[in-house]
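Have a look at the structure below before the remarks.
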Amino acid sequence: MAGFRIMVVEDEERMRQLLHLYMQNEGFEVVDASDGQQALELFEQYPMDLVILDVMLPHVDGWTVCRQIRQGSQVPIIMLTARGEENDKLFGFDLGVDDYVVKPFSPKELVARVKALLKRSRGNANAQDHVIKYESLSIEPLSRRVTINDEDIILTPKEFDLLFFLASHPGQVFSREQLLHHVWGYDFYGDSRTVDAHVKNLRSKLGDYGRYIVTVWGVGYKFDDSV
């Protein structure tokens with residue numbers, strides 16, 4: 001996957017070097033940062049395609065770095081943490097984190113997640129290219145733009161992917177596991193509450209149109225514009 005630039009933000013030197021090596025071996029250009037302040041400075045200097053971000057960082061923590069990046073960019077963010085509590089994950093998703101990896105983890109698993117996020121954030125040659133419209137809600141896959149009454153709705157890359165997938169299959173019910181497979185793009189090692197957190201955020205951002213994402217109790221979710 002040559003041509004992609006990834007920033008690895010990790011204060012532990014051995015871990016940072018290991019991740020750098022794995023990503024470099026996959027053909028990525030890798031930019032390293034050892035603390036949050038350096039990460040923000042590098043992000044301003046260079047266009048990034050994806051950020052791997054540790055939570056516990058000197059000077060500026062990972063949550064703050066994520067929040068500041070999200071003020072002006074929808075670049076995919078994978079958060080690394082030594083804590084696996086559900087509340088931490090939900091907090092990260094609320095900030096706009098796209099994926100969450102709990103230490104210790106397999107570098108090969110992280111590489112798979114990076115590739116899946118990049119593939120979906122850039123789209124692919126077989127992607128559906130027509131605009132999806134429901135009343136004043138417009139979803140444009142090529143520009144990855146969502147508008148309501150011609151006003152932009154700012155979504156994270158994964159929020160857009162989830163909305164586009166559901167809206168492309170109106171009326172069809174998907175389990176959380178199916179959504180993880182189709183939207184996240186790999187066999188997800190973790191909690192299906194990831195989907196619930198993204199649905200919650202989507203509904204909030206879509207306002208009245210959030211009702212279109214319907215919970216099918218005991219099964220999962222569907223997109224239904226008749227509600």
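Chain labels A, B, ... are given in the sequence in which chains occur in the structure tokens; within each chain residues are numbered consecutively from 1, and ligands are likewise numbered from 1 in the order shown.
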
Go through stretch 116-190 of chain A and flag each residue having an atom no more than 6 Å from stretch 199-221 of chain A; for those, report the closest pair of atoms plus their distance in Å to one decimal, using only C-alpha atoms, ordered by chain and rising number, as a Markdown table.
| residue | atom | partner | partner_atom | distance |
| --- | --- | --- | --- | --- |
| A:Val173 | CA | A:Tyr221 | CA | 5.6 |
| A:Phe174 | CA | A:Gly220 | CA | 5.5 |
| A:Ser175 | CA | A:Gly220 | CA | 4.2 |
| A:Arg176 | CA | A:Gly220 | CA | 5.5 |

- Item | Residue set, stretch 4-182 of chain A restricted to strand (DSSP E), as an NGL selection string | :A and (5-9 or 29-33 or 50-54 or 77-81 or 99-102 or 132-134 or 137-140 or 145-148 or 151-152 or 174-175)

- Task: For A:Thr147, please output as a ChimeraX atom specification all residues within 6 Å (counting only C-alpha atoms; exclusion window: fewer than 2 positions along the same chain).
- Result: /A:137-138,150-153

- Message: List the spatial neighbours of A:Gln68 as a list in words - criterion: any atom at most 12 Å away, only C-alpha atoms, same-chain residues fewer than 2 positions off excluded.
- Response: Gly36, Gln37, Ala39, Leu40, Glu41, Phe43, Glu44, Val60, Asp61, Gly62, Trp63, Thr64, Val65, Cys66, Arg70, Gln71, Gly72, Ser73, Gln74, Val75, Leu95 and Gly96 of chain A

- Using only C-alpha atoms, which residue out of A:Glu135, A:Glu26, A:Glu109, A:Glu159 lies closest to A:Ala197?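 Distance minimum relative to A:Ala197 lands on A:Glu159.
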
- Choose the residue, out of A:Val30, A:Leu163, A:Ile78, A:Ile52, that has the smallest atom-to-atom separation from A:Val9; count only C-alpha atoms. A:Ile52

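Counting only C-alpha atoms, the residue from A:Gln178, A:Gln24, A:Ser34, A:Thr156 that sits nearest to A:Phe93 is A:Thr156.
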
- Query: So which bits of stretch 55-215 of chain A end up helix (DSSP H, G or I) when you DSSP the backbone, as a PyMOL selection string?
  - Reply: chain A and resi 62-70+86-95+107-122+157-167+176-184+193-212

- Query: Separation of atom CA of A:Thr194 and atom CA of A:Val97, in Å?
  - Reply: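 So the two atoms, atom CA of A:Thr194 and atom CA of A:Val97, lie 10.7 Å apart.
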
- Excluding A:Leu42 and residues on its chain fewer than 6 positions from it, collect all residues at most 9 Å away from it, counting only C-alpha atoms, and give them as JSON, numbers by chain. {"A": [7, 31, 32, 33]}

- Query: Of the residues A:Phe28, A:Phe4, A:Tyr134, A:Tyr46, which is the one nearest to A:Asp225, using only C-alpha atoms?
  - Reply: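 Smallest separation from A:Asp225 among the options: A:Tyr134.
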
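All residues of protein, DNA or RNA that reach within 12 Å of A:Ser106, judged by only C-alpha atoms and not counting those fewer than 3 positions away in the chain, are Met15, Leu18, Leu19, Tyr22, Leu80, Val101, Val102, Lys103, Glu109, Leu110, Val111, Ala112, Arg113 and Tyr189 of chain A.
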
Those residues you just picked out, can you put them in a file as a short mmCIF file (atom, residue, chain, number, x, y, z; two decimals), in the first residue's frame with N, CA, C and O atoms?
data_model
loop_
_atom_site.label_atom_id
_atom_site.label_comp_id
_atom_site.auth_asym_id
_atom_site.auth_seq_id
_atom_site.Cartn_x
_atom_site.Cartn_y
_atom_site.Cartn_z
N MET A 15 8.25 -0.04 21.46
CA MET A 15 6.97 -0.23 20.78
C MET A 15 6.89 0.64 19.54
O MET A 15 6.42 0.20 18.48
N LEU A 18 8.98 -0.87 16.84
CA LEU A 18 8.37 -2.09 16.31
C LEU A 18 7.24 -1.75 15.34
O LEU A 18 7.16 -2.32 14.24
N LEU A 19 6.37 -0.82 15.73
CA LEU A 19 5.26 -0.43 14.86
C LEU A 19 5.79 0.23 13.59
O LEU A 19 5.25 -0.01 12.49
N TYR A 22 6.99 -2.59 11.25
CA TYR A 22 5.89 -3.34 10.64
C TYR A 22 5.20 -2.53 9.56
O TYR A 22 4.88 -3.04 8.48
N LEU A 80 -4.49 3.36 20.70
CA LEU A 80 -3.84 2.29 21.45
C LEU A 80 -3.97 2.58 22.93
O LEU A 80 -3.74 3.71 23.36
N VAL A 101 -7.50 -0.45 19.87
CA VAL A 101 -6.69 -1.66 20.06
C VAL A 101 -6.12 -1.64 21.48
O VAL A 101 -5.48 -0.67 21.89
N VAL A 102 -6.37 -2.72 22.21
CA VAL A 102 -5.94 -2.81 23.60
C VAL A 102 -4.62 -3.58 23.68
O VAL A 102 -4.48 -4.65 23.10
N LYS A 103 -3.65 -3.01 24.38
CA LYS A 103 -2.36 -3.67 24.58
C LYS A 103 -2.51 -4.80 25.61
O LYS A 103 -3.29 -4.65 26.56
N GLU A 109 -2.22 -7.96 13.56
CA GLU A 109 -3.63 -7.57 13.68
C GLU A 109 -3.77 -6.07 13.44
O GLU A 109 -4.70 -5.62 12.76
N LEU A 110 -2.85 -5.28 14.01
CA LEU A 110 -2.90 -3.83 13.82
C LEU A 110 -2.73 -3.48 12.34
O LEU A 110 -3.43 -2.61 11.82
N VAL A 111 -1.82 -4.15 11.66
CA VAL A 111 -1.62 -3.91 10.23
C VAL A 111 -2.92 -4.19 9.46
O VAL A 111 -3.31 -3.43 8.57
N ALA A 112 -3.62 -5.28 9.81
CA ALA A 112 -4.88 -5.61 9.14
C ALA A 112 -5.91 -4.52 9.35
O ALA A 112 -6.65 -4.16 8.44
N ARG A 113 -5.96 -3.97 10.55
CA ARG A 113 -6.92 -2.92 10.84
C ARG A 113 -6.56 -1.64 10.08
O ARG A 113 -7.44 -0.94 9.57
N TYR A 189 -11.82 -8.23 16.60
CA TYR A 189 -11.44 -8.84 17.86
C TYR A 189 -11.90 -7.94 19.00
O TYR A 189 -11.15 -7.12 19.50
#
